[in-house]
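Peer 1: Structure supplied as coords-v8.cif; contents: mmCIF, C-alpha atoms.
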data_data
loop_
_atom_site.group_PDB
_atom_site.id
_atom_site.type_symbol
_atom_site.label_atom_id
_atom_site.label_comp_id
_atom_site.auth_asym_id
_atom_site.auth_seq_id
_atom_site.Cartn_x
_atom_site.Cartn_y
_atom_site.Cartn_z
ATOM 1 C CA MET A 1 76.154 202.389 66.454
ATOM 2 C CA LYS A 2 75.290 200.517 63.285
ATOM 3 C CA ILE A 3 76.817 197.056 62.809
ATOM 4 C CA LEU A 4 77.094 195.467 59.387
ATOM 5 C CA ILE A 5 76.444 191.725 59.290
ATOM 6 C CA ALA A 6 77.655 189.839 56.231
ATOM 7 C CA GLU A 7 76.498 186.222 56.333
ATOM 8 C CA ASP A 8 74.973 184.152 53.539
ATOM 9 C CA ASP A 9 73.393 181.555 55.831
ATOM 10 C CA ALA A 10 69.940 182.892 56.728
ATOM 11 C CA THR A 11 69.811 181.143 60.124
ATOM 12 C CA SER A 12 73.146 182.504 61.366
ATOM 13 C CA ARG A 13 72.427 185.928 59.857
ATOM 14 C CA TRP A 14 69.086 186.136 61.613
ATOM 15 C CA LEU A 15 70.629 185.036 64.911
ATOM 16 C CA LEU A 16 73.415 187.639 64.619
ATOM 17 C CA GLU A 17 70.909 190.389 63.804
ATOM 18 C CA ARG A 18 68.684 189.386 66.655
ATOM 19 C CA VAL A 19 71.374 189.330 69.340
ATOM 20 C CA CYS A 20 73.027 192.573 68.153
ATOM 21 C CA ARG A 21 69.654 194.349 68.264
ATOM 22 C CA ARG A 22 68.987 192.918 71.679
ATOM 23 C CA TRP A 23 72.238 194.552 72.815
ATOM 24 C CA GLY A 24 70.918 197.884 71.563
ATOM 25 C CA HIS A 25 72.739 198.140 68.239
ATOM 26 C CA GLU A 26 71.319 199.021 64.865
ATOM 27 C CA THR A 27 72.102 196.368 62.244
ATOM 28 C CA GLN A 28 72.407 196.219 58.497
ATOM 29 C CA SER A 29 72.574 192.782 56.918
ATOM 30 C CA VAL A 30 73.897 191.639 53.578
ATOM 31 C CA GLU A 31 74.253 188.196 52.033
ATOM 32 C CA THR A 32 77.277 188.691 49.786
ATOM 33 C CA GLY A 33 80.822 189.958 50.159
ATOM 34 C CA THR A 34 80.297 192.345 47.264
ATOM 35 C CA GLU A 35 77.410 194.059 49.048
ATOM 36 C CA ALA A 36 79.382 194.174 52.303
ATOM 37 C CA LEU A 37 82.336 195.873 50.615
ATOM 38 C CA GLU A 38 80.035 198.350 48.902
ATOM 39 C CA GLN A 39 78.460 199.354 52.226
ATOM 40 C CA LEU A 40 81.740 199.531 54.125
ATOM 41 C CA GLU A 41 83.387 201.675 51.442
ATOM 42 C CA LYS A 42 80.727 204.374 51.770
ATOM 43 C CA PRO A 43 82.048 207.438 53.664
ATOM 44 C CA ASP A 44 79.175 207.162 56.160
ATOM 45 C CA GLY A 45 79.124 203.348 56.072
ATOM 46 C CA PRO A 46 79.027 201.151 59.215
ATOM 47 C CA GLN A 47 82.199 201.408 61.289
ATOM 48 C CA LEU A 48 81.955 197.899 62.696
ATOM 49 C CA ALA A 49 81.290 194.729 60.737
ATOM 50 C CA ILE A 50 80.878 191.024 61.437
ATOM 51 C CA LEU A 51 81.968 189.183 58.300
ATOM 52 C CA ASP A 52 81.663 185.510 57.482
ATOM 53 C CA TRP A 53 84.895 183.988 56.207
ATOM 54 C CA ILE A 54 83.345 182.560 53.037
ATOM 55 C CA LEU A 55 80.855 184.752 51.232
ATOM 56 C CA PRO A 56 79.532 184.843 47.682
ATOM 57 C CA GLY A 57 81.482 187.374 45.623
ATOM 58 C CA VAL A 58 84.248 188.646 47.866
ATOM 59 C CA SER A 59 85.474 186.694 50.904
ATOM 60 C CA GLY A 60 85.635 188.171 54.397
ATOM 61 C CA ALA A 61 89.457 188.196 54.269
ATOM 62 C CA GLN A 62 89.482 189.959 50.873
ATOM 63 C CA ILE A 63 87.148 192.611 52.285
ATOM 64 C CA CYS A 64 89.637 193.209 55.133
ATOM 65 C CA THR A 65 92.575 193.583 52.708
ATOM 66 C CA GLN A 66 90.670 195.967 50.454
ATOM 67 C CA LEU A 67 89.437 198.195 53.290
ATOM 68 C CA ARG A 68 92.863 198.405 54.919
ATOM 69 C CA GLY A 69 94.327 199.582 51.622
ATOM 70 C CA ALA A 70 92.341 202.832 51.551
ATOM 71 C CA ALA A 71 92.890 205.621 54.080
ATOM 72 C CA SER A 72 89.163 206.436 54.259
ATOM 73 C CA THR A 73 88.170 202.890 55.293
ATOM 74 C CA ALA A 74 91.321 201.705 57.088
ATOM 75 C CA SER A 75 89.792 202.299 60.520
ATOM 76 C CA ARG A 76 86.707 200.082 60.070
ATOM 77 C CA TYR A 77 86.577 197.499 62.884
ATOM 78 C CA LEU A 78 86.264 194.060 61.321
ATOM 79 C CA ILE A 79 85.326 190.839 63.113
ATOM 80 C CA LEU A 80 85.694 187.657 61.051
ATOM 81 C CA LEU A 81 83.535 184.590 61.602
ATOM 82 C CA THR A 82 85.645 181.463 61.253
ATOM 83 C CA SER A 83 85.028 177.770 61.706
ATOM 84 C CA LYS A 84 85.924 175.986 64.882
ATOM 85 C CA GLY A 85 89.465 174.681 64.643
ATOM 86 C CA GLY A 86 90.210 176.736 61.530
ATOM 87 C CA LYS A 87 93.430 178.138 62.985
ATOM 88 C CA GLU A 88 94.916 178.724 59.530
ATOM 89 C CA ASP A 89 91.872 180.825 58.687
ATOM 90 C CA VAL A 90 92.308 182.829 61.881
ATOM 91 C CA VAL A 91 95.969 183.582 61.122
ATOM 92 C CA SER A 92 95.383 184.498 57.494
ATOM 93 C CA GLY A 93 92.292 186.540 58.470
ATOM 94 C CA LEU A 94 94.250 188.576 61.007
ATOM 95 C CA ASP A 95 97.106 188.933 58.497
ATOM 96 C CA ALA A 96 94.589 190.198 55.943
ATOM 97 C CA GLY A 97 93.640 192.984 58.341
ATOM 98 C CA ALA A 98 90.803 191.660 60.516
ATOM 99 C CA ASP A 99 90.765 193.164 64.016
ATOM 100 C CA ASP A 100 89.284 190.128 65.710
ATOM 101 C CA TYR A 101 87.548 186.819 65.039
ATOM 102 C CA VAL A 102 84.738 184.719 66.491
ATOM 103 C CA THR A 103 84.387 181.014 65.847
ATOM 104 C CA LYS A 104 81.107 179.648 64.536
ATOM 105 C CA PRO A 105 78.779 178.526 65.989
ATOM 106 C CA PHE A 106 79.282 181.498 68.228
ATOM 107 C CA ASN A 107 78.629 181.820 71.914
ATOM 108 C CA GLN A 108 76.462 184.868 72.629
ATOM 109 C CA GLU A 109 78.477 186.081 75.590
ATOM 110 C CA GLU A 110 81.758 185.839 73.710
ATOM 111 C CA LEU A 111 80.383 187.696 70.720
ATOM 112 C CA ARG A 112 78.884 190.403 72.947
ATOM 113 C CA ALA A 113 82.247 190.945 74.659
ATOM 114 C CA ARG A 114 84.117 191.123 71.348
ATOM 115 C CA VAL A 115 81.584 193.519 69.837
ATOM 116 C CA GLN A 116 81.943 195.701 72.943
ATOM 117 C CA VAL A 117 85.725 195.830 72.495
ATOM 118 C CA GLY A 118 85.198 196.814 68.854
ATOM 119 C CA LEU A 119 82.737 199.563 69.721
ATOM 120 C CA ARG A 120 85.117 200.953 72.345
ATOM 121 C CA ILE A 121 87.948 201.092 69.814
ATOM 122 C CA VAL A 122 85.733 202.714 67.158
ATOM 123 C CA GLU A 123 84.639 205.303 69.730
ATOM 124 C CA LEU A 124 88.265 206.060 70.658
ATOM 125 C CA GLN A 125 89.200 206.347 66.985
ATOM 126 C CA ASN A 126 86.341 208.781 66.412
ATOM 127 C CA GLN A 127 87.450 210.916 69.359
ATOM 128 C CA LEU A 128 91.025 210.855 68.100
ATOM 129 C CA ALA A 129 89.943 211.850 64.573
ATOM 130 C CA GLU A 130 87.944 214.756 66.030
ATOM 131 C CA ARG A 131 90.984 215.946 68.011
ATOM 132 C CA VAL A 132 93.188 215.715 64.924
ATOM 133 C CA THR A 133 90.677 217.809 62.944
ATOM 134 C CA GLN A 134 90.635 220.457 65.697
ATOM 135 C CA LEU A 135 94.432 220.459 65.839
ATOM 136 C CA GLU A 136 94.737 220.791 62.064
ATOM 137 C CA ALA A 137 92.351 223.742 62.108
ATOM 138 C CA SER A 138 94.411 225.425 64.851
ATOM 139 C CA ILE A 139 97.633 224.867 62.929
ATOM 140 C CA ALA A 140 96.039 226.278 59.774
ATOM 141 C CA ARG A 141 94.925 229.405 61.685
ATOM 142 C CA GLU A 142 98.371 229.849 63.189
ATOM 143 C CA ARG A 143 100.012 229.486 59.785
ATOM 144 C CA HIS A 144 97.701 232.183 58.519
ATOM 145 C CA LEU A 145 99.256 234.624 60.979
ATOM 146 C CA GLN A 146 102.801 233.634 60.256
ATOM 147 C CA GLY A 147 102.984 235.100 56.756
ATOM 148 C CA LEU A 148 103.774 238.656 55.649
ATOM 149 C CA LEU A 149 100.829 240.985 56.393
ATOM 150 C CA PRO A 150 100.361 244.120 54.313
ATOM 151 C CA ILE A 151 99.633 246.943 56.791
ATOM 152 C CA CYS A 152 98.792 250.591 56.100
ATOM 153 C CA SER A 153 101.635 252.779 57.359
ATOM 154 C CA TYR A 154 99.198 255.501 58.438
ATOM 155 C CA CYS A 155 95.959 253.959 59.750
ATOM 156 C CA LYS A 156 97.491 250.517 60.519
ATOM 157 C CA LYS A 157 94.708 248.580 58.794
ATOM 158 C CA ILE A 158 95.607 245.158 57.414
ATOM 159 C CA ARG A 159 94.831 244.013 53.873
ATOM 160 C CA ASP A 160 93.406 240.481 53.492
ATOM 161 C CA ASP A 161 93.764 237.994 50.607
ATOM 162 C CA ARG A 162 90.723 239.458 48.870
ATOM 163 C CA ASN A 163 92.092 242.980 48.966
ATOM 164 C CA TYR A 164 89.824 244.264 51.759
ATOM 165 C CA TRP A 165 91.271 246.418 54.525
ATOM 166 C CA HIS A 166 90.486 245.566 58.185
ATOM 167 C CA GLN A 167 91.226 247.030 61.583
ATOM 168 C CA VAL A 168 93.964 244.986 63.297
ATOM 169 C CA GLU A 169 91.510 243.955 66.003
ATOM 170 C CA SER A 170 88.819 242.607 63.681
ATOM 171 C CA TYR A 171 91.439 240.948 61.468
ATOM 172 C CA ILE A 172 92.841 238.966 64.394
ATOM 173 C CA ILE A 173 89.447 238.144 65.936
ATOM 174 C CA THR A 174 88.127 236.567 62.737
ATOM 175 C CA ARG A 175 91.241 234.450 62.226
ATOM 176 C CA THR A 176 92.171 233.276 65.713
ATOM 177 C CA ASP A 177 90.620 232.361 69.029
ATOM 178 C CA VAL A 178 92.107 235.549 70.520
ATOM 179 C CA ARG A 179 89.655 237.945 72.189
ATOM 180 C CA PHE A 180 90.546 241.531 73.209
ATOM 181 C CA SER A 181 89.981 243.184 76.565
ATOM 182 C CA HIS A 182 89.917 246.926 76.052
ATOM 183 C CA SER A 183 92.026 249.344 78.089
ATOM 184 C CA VAL A 184 94.041 252.581 77.628
ATOM 185 C CA CYS A 185 97.828 252.739 77.807
ATOM 186 C CA PRO A 186 99.558 255.456 79.926
ATOM 187 C CA GLU A 187 100.807 257.256 76.796
ATOM 188 C CA CYS A 188 97.289 257.527 75.390
ATOM 189 C CA VAL A 189 95.912 258.575 78.783
ATOM 190 C CA GLU A 190 98.302 261.536 78.704
ATOM 191 C CA ARG A 191 97.491 262.382 75.103
ATOM 192 C CA VAL A 192 93.704 262.119 75.532
ATOM 193 C CA ARG A 193 93.795 264.109 78.791
ATOM 194 C CA GLY A 194 95.730 266.876 76.986
ATOM 195 C CA GLU A 195 93.184 266.884 74.153
ATOM 196 C CA ILE A 196 90.241 267.087 76.589
ATOM 197 C CA LEU A 197 91.784 269.960 78.510
ATOM 198 C CA LYS A 198 92.496 271.763 75.243
ATOM 199 C CA ASP A 199 88.838 271.320 74.155
ATOM 200 C CA ARG A 200 87.528 272.659 77.493
ATOM 201 C CA LYS A 201 89.704 275.773 77.232
ATOM 202 C CA ALA A 202 88.455 276.362 73.735
ATOM 203 C CA VAL A 203 84.857 276.147 75.007
ATOM 204 C CA MET B 204 54.677 170.949 80.345
ATOM 205 C CA SER B 205 56.941 169.040 82.707
ATOM 206 C CA ALA B 206 60.576 169.869 83.273
ATOM 207 C CA GLU B 207 61.482 166.562 81.680
ATOM 208 C CA GLN B 208 59.563 167.370 78.527
ATOM 209 C CA ASP B 209 61.329 170.703 78.380
ATOM 210 C CA GLN B 210 64.701 169.024 78.090
ATOM 211 C CA PRO B 211 65.974 168.742 74.526
ATOM 212 C CA SER B 212 67.693 165.433 75.309
ATOM 213 C CA GLU B 213 65.363 163.476 72.991
ATOM 214 C CA CYS B 214 67.418 164.631 70.048
ATOM 215 C CA LEU B 215 69.107 161.743 68.313
ATOM 216 C CA ASP B 216 72.704 161.125 69.168
ATOM 217 C CA GLY B 217 74.902 163.119 66.786
ATOM 218 C CA VAL B 218 71.924 164.616 64.947
ATOM 219 C CA CYS B 219 71.875 167.667 67.189
ATOM 220 C CA ASP B 220 72.437 168.702 70.769
ATOM 221 C CA LEU B 221 69.948 171.378 71.641
ATOM 222 C CA SER B 222 71.166 171.672 75.206
ATOM 223 C CA VAL B 223 74.458 172.985 73.788
ATOM 224 C CA ALA B 224 72.539 175.216 71.361
ATOM 225 C CA LEU B 225 70.436 176.559 74.218
ATOM 226 C CA GLN B 226 73.537 177.209 76.297
ATOM 227 C CA ARG B 227 75.082 179.247 73.470
ATOM 228 C CA MET B 228 71.885 181.301 73.349
ATOM 229 C CA ASP B 229 72.079 182.094 77.033
ATOM 230 C CA GLY B 230 69.315 179.611 77.801
ATOM 231 C CA ASP B 231 66.758 181.588 75.798
ATOM 232 C CA GLN B 232 64.347 178.946 74.546
ATOM 233 C CA GLY B 233 62.215 181.497 72.679
ATOM 234 C CA LEU B 234 65.282 182.525 70.699
ATOM 235 C CA LEU B 235 66.142 178.882 69.972
ATOM 236 C CA LEU B 236 62.616 178.264 68.672
ATOM 237 C CA GLU B 237 62.883 181.302 66.402
ATOM 238 C CA VAL B 238 66.256 180.102 65.073
ATOM 239 C CA ILE B 239 64.678 176.682 64.406
ATOM 240 C CA GLU B 240 61.876 178.415 62.516
ATOM 241 C CA ILE B 241 64.313 180.332 60.314
ATOM 242 C CA PHE B 242 66.352 177.181 59.663
ATOM 243 C CA LEU B 243 63.275 175.158 58.651
ATOM 244 C CA GLU B 244 62.160 177.958 56.338
ATOM 245 C CA ASP B 245 65.535 178.445 54.656
ATOM 246 C CA ASN B 246 66.862 174.906 54.674
ATOM 247 C CA GLY B 247 65.259 174.028 51.320
ATOM 248 C CA ASN B 248 66.955 176.980 49.567
ATOM 249 C CA THR B 249 70.382 175.997 50.847
ATOM 250 C CA LEU B 250 69.951 172.415 49.644
ATOM 251 C CA LEU B 251 68.839 173.758 46.245
ATOM 252 C CA GLU B 252 72.106 175.719 46.051
ATOM 253 C CA LEU B 253 74.025 172.561 46.884
ATOM 254 C CA ARG B 254 72.241 170.612 44.126
ATOM 255 C CA ALA B 255 72.796 173.430 41.611
ATOM 256 C CA ALA B 256 76.530 173.477 42.404
ATOM 257 C CA ILE B 257 76.701 169.696 41.871
ATOM 258 C CA GLU B 258 74.804 169.917 38.598
ATOM 259 C CA LYS B 259 77.159 172.591 37.281
ATOM 260 C CA ARG B 260 80.186 170.840 38.814
ATOM 261 C CA GLU B 261 81.469 174.092 40.255
ATOM 262 C CA PRO B 262 83.867 173.349 43.149
ATOM 263 C CA VAL B 263 83.917 176.946 44.449
ATOM 264 C CA VAL B 264 80.114 177.141 44.606
ATOM 265 C CA LEU B 265 79.933 173.652 46.124
ATOM 266 C CA GLN B 266 82.497 174.633 48.760
ATOM 267 C CA ARG B 267 80.493 177.732 49.615
ATOM 268 C CA ALA B 268 77.145 175.881 49.736
ATOM 269 C CA ALA B 269 78.678 173.255 52.058
ATOM 270 C CA HIS B 270 80.149 176.034 54.208
ATOM 271 C CA THR B 271 76.714 177.670 54.472
ATOM 272 C CA ILE B 272 75.078 174.379 55.496
ATOM 273 C CA LYS B 273 77.863 173.749 58.022
ATOM 274 C CA GLY B 274 77.225 177.168 59.574
ATOM 275 C CA ALA B 275 73.455 176.687 59.673
ATOM 276 C CA VAL B 276 73.475 173.202 61.249
ATOM 277 C CA GLY B 277 76.249 174.275 63.608
ATOM 278 C CA ASN B 278 73.724 176.455 65.431
ATOM 279 C CA PHE B 279 72.095 173.232 66.662
ATOM 280 C CA ALA B 280 75.372 171.434 67.454
ATOM 281 C CA ALA B 281 74.489 169.019 64.670
ATOM 282 C CA LYS B 282 77.656 166.933 64.567
ATOM 283 C CA ARG B 283 76.871 164.406 61.828
ATOM 284 C CA SER B 284 75.561 166.825 59.213
ATOM 285 C CA GLY B 285 78.194 169.393 60.203
ATOM 286 C CA ASP B 286 80.996 166.852 59.734
ATOM 287 C CA ILE B 287 79.772 165.803 56.278
ATOM 288 C CA ALA B 288 79.383 169.443 55.221
ATOM 289 C CA LEU B 289 82.941 170.098 56.409
ATOM 290 C CA GLN B 290 84.210 167.129 54.374
ATOM 291 C CA ILE B 291 82.441 168.384 51.241
ATOM 292 C CA GLU B 292 83.893 171.844 51.849
ATOM 293 C CA SER B 293 87.438 170.481 52.269
ATOM 294 C CA LEU B 294 87.215 168.083 49.319
ATOM 295 C CA SER B 295 85.873 170.831 47.034
ATOM 296 C CA LYS B 296 88.635 173.142 48.163
ATOM 297 C CA GLY B 297 91.210 170.415 47.489
ATOM 298 C CA GLY B 298 89.886 169.825 43.965
ATOM 299 C CA GLN B 299 88.387 166.386 44.767
ATOM 300 C CA LEU B 300 85.050 167.226 43.219
ATOM 301 C CA ASP B 301 83.780 163.666 42.656
ATOM 302 C CA ALA B 302 84.501 162.656 46.232
ATOM 303 C CA ALA B 303 82.735 165.805 47.421
ATOM 304 C CA ILE B 304 79.708 165.145 45.217
ATOM 305 C CA ALA B 305 79.485 161.568 46.534
ATOM 306 C CA LEU B 306 78.859 162.971 50.011
ATOM 307 C CA ALA B 307 75.991 165.230 48.925
ATOM 308 C CA ALA B 308 73.271 162.563 49.279
ATOM 309 C CA PRO B 309 74.374 161.520 52.806
ATOM 310 C CA LEU B 310 74.439 165.209 53.747
ATOM 311 C CA GLU B 311 70.902 165.754 52.470
ATOM 312 C CA ARG B 312 69.718 162.740 54.496
ATOM 313 C CA GLU B 313 71.400 164.028 57.645
ATOM 314 C CA VAL B 314 69.959 167.513 57.184
ATOM 315 C CA GLU B 315 66.507 165.987 56.747
ATOM 316 C CA THR B 316 66.955 163.950 59.941
ATOM 317 C CA LEU B 317 68.007 167.142 61.727
ATOM 318 C CA ALA B 318 64.988 169.057 60.392
ATOM 319 C CA ASN B 319 62.676 166.266 61.615
ATOM 320 C CA ALA B 320 64.314 166.332 65.050
ATOM 321 C CA LEU B 321 63.866 170.108 65.235
ATOM 322 C CA VAL B 322 60.209 169.870 64.217
ATOM 323 C CA ALA B 323 59.681 167.227 66.920
ATOM 324 C CA TYR B 324 61.389 169.421 69.508
ATOM 325 C CA ARG B 325 59.303 172.439 68.545
ATOM 326 C CA ARG B 326 56.106 170.396 68.801
ATOM 327 C CA ARG B 327 57.133 169.061 72.186
ATOM 328 C CA VAL B 328 57.926 172.497 73.571
ATOM 329 C CA ALA B 329 54.663 173.935 72.238
ATOM 330 C CA ALA B 330 52.603 171.102 73.741
#
What do you get writing this file as structure tokens?
Peer 2:
Amino acid sequence: MKILIAEDDATSRWLLERVCRRWGHETQSVETGTEALEQLEKPDGPQLAILDWILPGVSGAQICTQLRGAASTASRYLILLTSKGGKEDVVSGLDAGADDYVTKPFNQEELRARVQVGLRIVELQNQLAERVTQLEASIARERHLQGLLPICSYCKKIRDDRNYWHQVESYIITRTDVRFSHSVCPECVERVRGEILKDRKAV
Amino acid sequence: MSAEQDQPSECLDGVCDLSVALQRMDGDQGLLLEVIEIFLEDNGNTLLELRAAIEKREPVVLQRAAHTIKGAVGNFAAKRSGDIALQIESLSKGGQLDAAIALAAPLEREVETLANALVAYRRRVAA
């Protein structure tokens, strides 16, 4: 999974990139808050970001607030980098919408563990979003069958929204997950048997 | 290279503590040397930003430049330069621009001392 790193200090940025790559993650680095926001606002932008507290342009905390305000970016996982002892920064960062924080200079093991937590949450969110999409599609299909269906009184075909007539079977198959197993009911057995016997006599 | 030479304890007191830095990097000396390399390459640019902020008397830019330096030197547990950078950051934030500017020269001296210590360490490790 791609991790966005927003850090204006070249040394810390390089170190963050290096360790994240070592842990098997793809990284994208930016030096300003403006660039970070631009990347994170993209629909296919990175889902996890490590943001320095103070950045040129837009601060890490402002990025959090802005992303949380939009439904499309509200689920980005944001880790703020704060200074040691900057407890006020930590509180206001979390209030602004950050998911977690790491104090600088960071300890590799601590950062790795926090990134792992973030990735796990992003993964769960993705799975949840996929389930919701599937559920919405099912509900939409069900709704489709709940309305008033125009049906031919003689041949029993059903008319669709575009004015085409379909057999009941094909109409249902294309709109639901239902599949048919074919059989013959006792009434039809009697009727068909009668017809066959009648044909044989005629022959 | 002897084990003694490999120890970063020669660093000046307060200038940096590379044993702490090494610990944070999981004991990876190669990684520490690369971080030193990046710092020595970029250090000049950061100080230029600091000077530009002072020249323009822009407290927000000065605060940010000091914050950047604090972050960079923090990687080497550089207490003295880190403390001065923190003071400049706080003073700029609090609107005490002149007091912040007065600390710029001591910060530059401390950063230079740190850079020299890092160069010496790198040379020692490479020997």
Peer 1: Return the padded bounding box of stretch 237-255 of chain B as lines of an AutoDock Vina configuration file: axis-aligned, built from all atoms listed in the file, 8 Å added on each side, with centre and edge lengths in Å to one decimal.
Peer 2:
center_x = 68.0
center_y = 176.0
center_z = 54.0
size_x = 28.1
size_y = 26.7
size_z = 40.8
Peer 1: Please report as CSV every residue of chain B lying within 6 Å of chain A, along with the nearest atom pair and their distance in Å (one decimal), using only C-alpha atoms.
Peer 2:
residue,atom,partner,partner_atom,distance
B:Arg227,CA,A:Asn107,CA,4.7
B:Met228,CA,A:Gln108,CA,5.8
B:Ile241,CA,A:Thr11,CA,5.6
B:Phe242,CA,A:Thr11,CA,5.3
B:Thr271,CA,A:Asp9,CA,5.3
B:Ala275,CA,A:Thr11,CA,5.8
B:Gly277,CA,A:Pro105,CA,5.5
B:Asn278,CA,A:Pro105,CA,5.5
Peer 1: What would the selection look like, as a PyMOL selection string, if the PyMOL selection byres ((chain A and resi 157) around 10) were run on the coordinates I just shared?
Peer 2: chain A and resi 150-156+158-160+164-171
Peer 1: List the residues matched by the PyMOL selection byres ((chain B and resi 276) around 12) in the displayed structure as a VMD selection string, ordered by chain and then by residue number.
Peer 2: (chain A and resid 9 to 12 104 to 105) or (chain B and resid 217 to 221 224 238 to 239 241 to 243 245 to 246 249 269 to 275 277 to 289 310 to 311 313 to 318 321)
Peer 1: Taking the file as shown, find all residues satisfying the PyMOL selection byres ((chain A and resi 32) around 9) and write them as an MDAnalysis selection string.
Peer 2: chainID A and resid 6:8 30:31 33:37 55:59
Peer 1: Near A:Arg76, within 8 Å and counting only C-alpha atoms, which residues show up once chain neighbours fewer than 5 positions away are dropped, as a list in words?
Peer 2: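 Listing them by chain and then by number gives Leu40, Pro46, Gln47, Leu48, Ala49, Leu67 and Val122 of chain A.
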Peer 1: Hey, which of A:Arg143, A:Leu80, A:Leu4, A:Thr103 ends up closest to A:Glu26? Count all atoms listed in the file.
Peer 2: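 Closest to A:Glu26, using all atoms listed in the file: A:Leu4.
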Peer 1: Within 12 Å of stretch 298-307 of chain B, counting all atoms listed in the file, which residues qualify if same-chain residues fewer than 6 places away don't, as a PyMOL selection string?
Peer 2: chain B and resi 250-266+268-269+272+284+286-292+313-314
Peer 1: Figure out the distance between atom CA of A:Ala61 and atom CA of A:Val117, please, to one decimal in Å.
Peer 2: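 Distance between the two atoms: 20.1 Å.
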Peer 1: Write out N, CA and C atoms for stretch 172-185 of chain A, as a compact mmCIF listing (two decimals), in the coordinates of the input.
Peer 2:
# COMPACT_ATOMS: atom_id res chain seq x y z
N ILE A 172 92.36 240.04 63.52
CA ILE A 172 92.84 238.97 64.39
C ILE A 172 91.67 238.15 64.96
N ILE A 173 90.60 238.86 65.34
CA ILE A 173 89.45 238.14 65.94
C ILE A 173 88.86 237.12 64.97
N THR A 174 88.75 237.49 63.69
CA THR A 174 88.13 236.57 62.74
C THR A 174 89.04 235.40 62.35
N ARG A 175 90.32 235.51 62.67
CA ARG A 175 91.24 234.45 62.23
C ARG A 175 91.85 233.63 63.36
N THR A 176 91.60 234.02 64.57
CA THR A 176 92.17 233.28 65.71
C THR A 176 91.13 233.16 66.81
N ASP A 177 91.51 232.47 67.87
CA ASP A 177 90.62 232.36 69.03
C ASP A 177 90.87 233.51 70.01
N VAL A 178 91.75 234.44 69.62
CA VAL A 178 92.11 235.55 70.52
C VAL A 178 90.91 236.49 70.69
N ARG A 179 90.68 236.93 71.93
CA ARG A 179 89.66 237.94 72.19
C ARG A 179 90.35 239.11 72.90
N PHE A 180 89.89 240.35 72.64
CA PHE A 180 90.55 241.53 73.21
C PHE A 180 89.82 242.03 74.45
N SER A 181 90.58 242.47 75.44
CA SER A 181 89.98 243.18 76.56
C SER A 181 90.49 244.62 76.41
N HIS A 182 89.54 245.56 76.39
CA HIS A 182 89.92 246.93 76.05
C HIS A 182 90.39 247.72 77.26
N SER A 183 91.44 248.53 77.03
CA SER A 183 92.03 249.34 78.09
C SER A 183 92.71 250.55 77.41
N VAL A 184 93.33 251.43 78.22
CA VAL A 184 94.04 252.58 77.63
C VAL A 184 95.46 252.61 78.21
N CYS A 185 96.44 252.76 77.34
CA CYS A 185 97.83 252.74 77.81
C CYS A 185 98.20 254.11 78.39
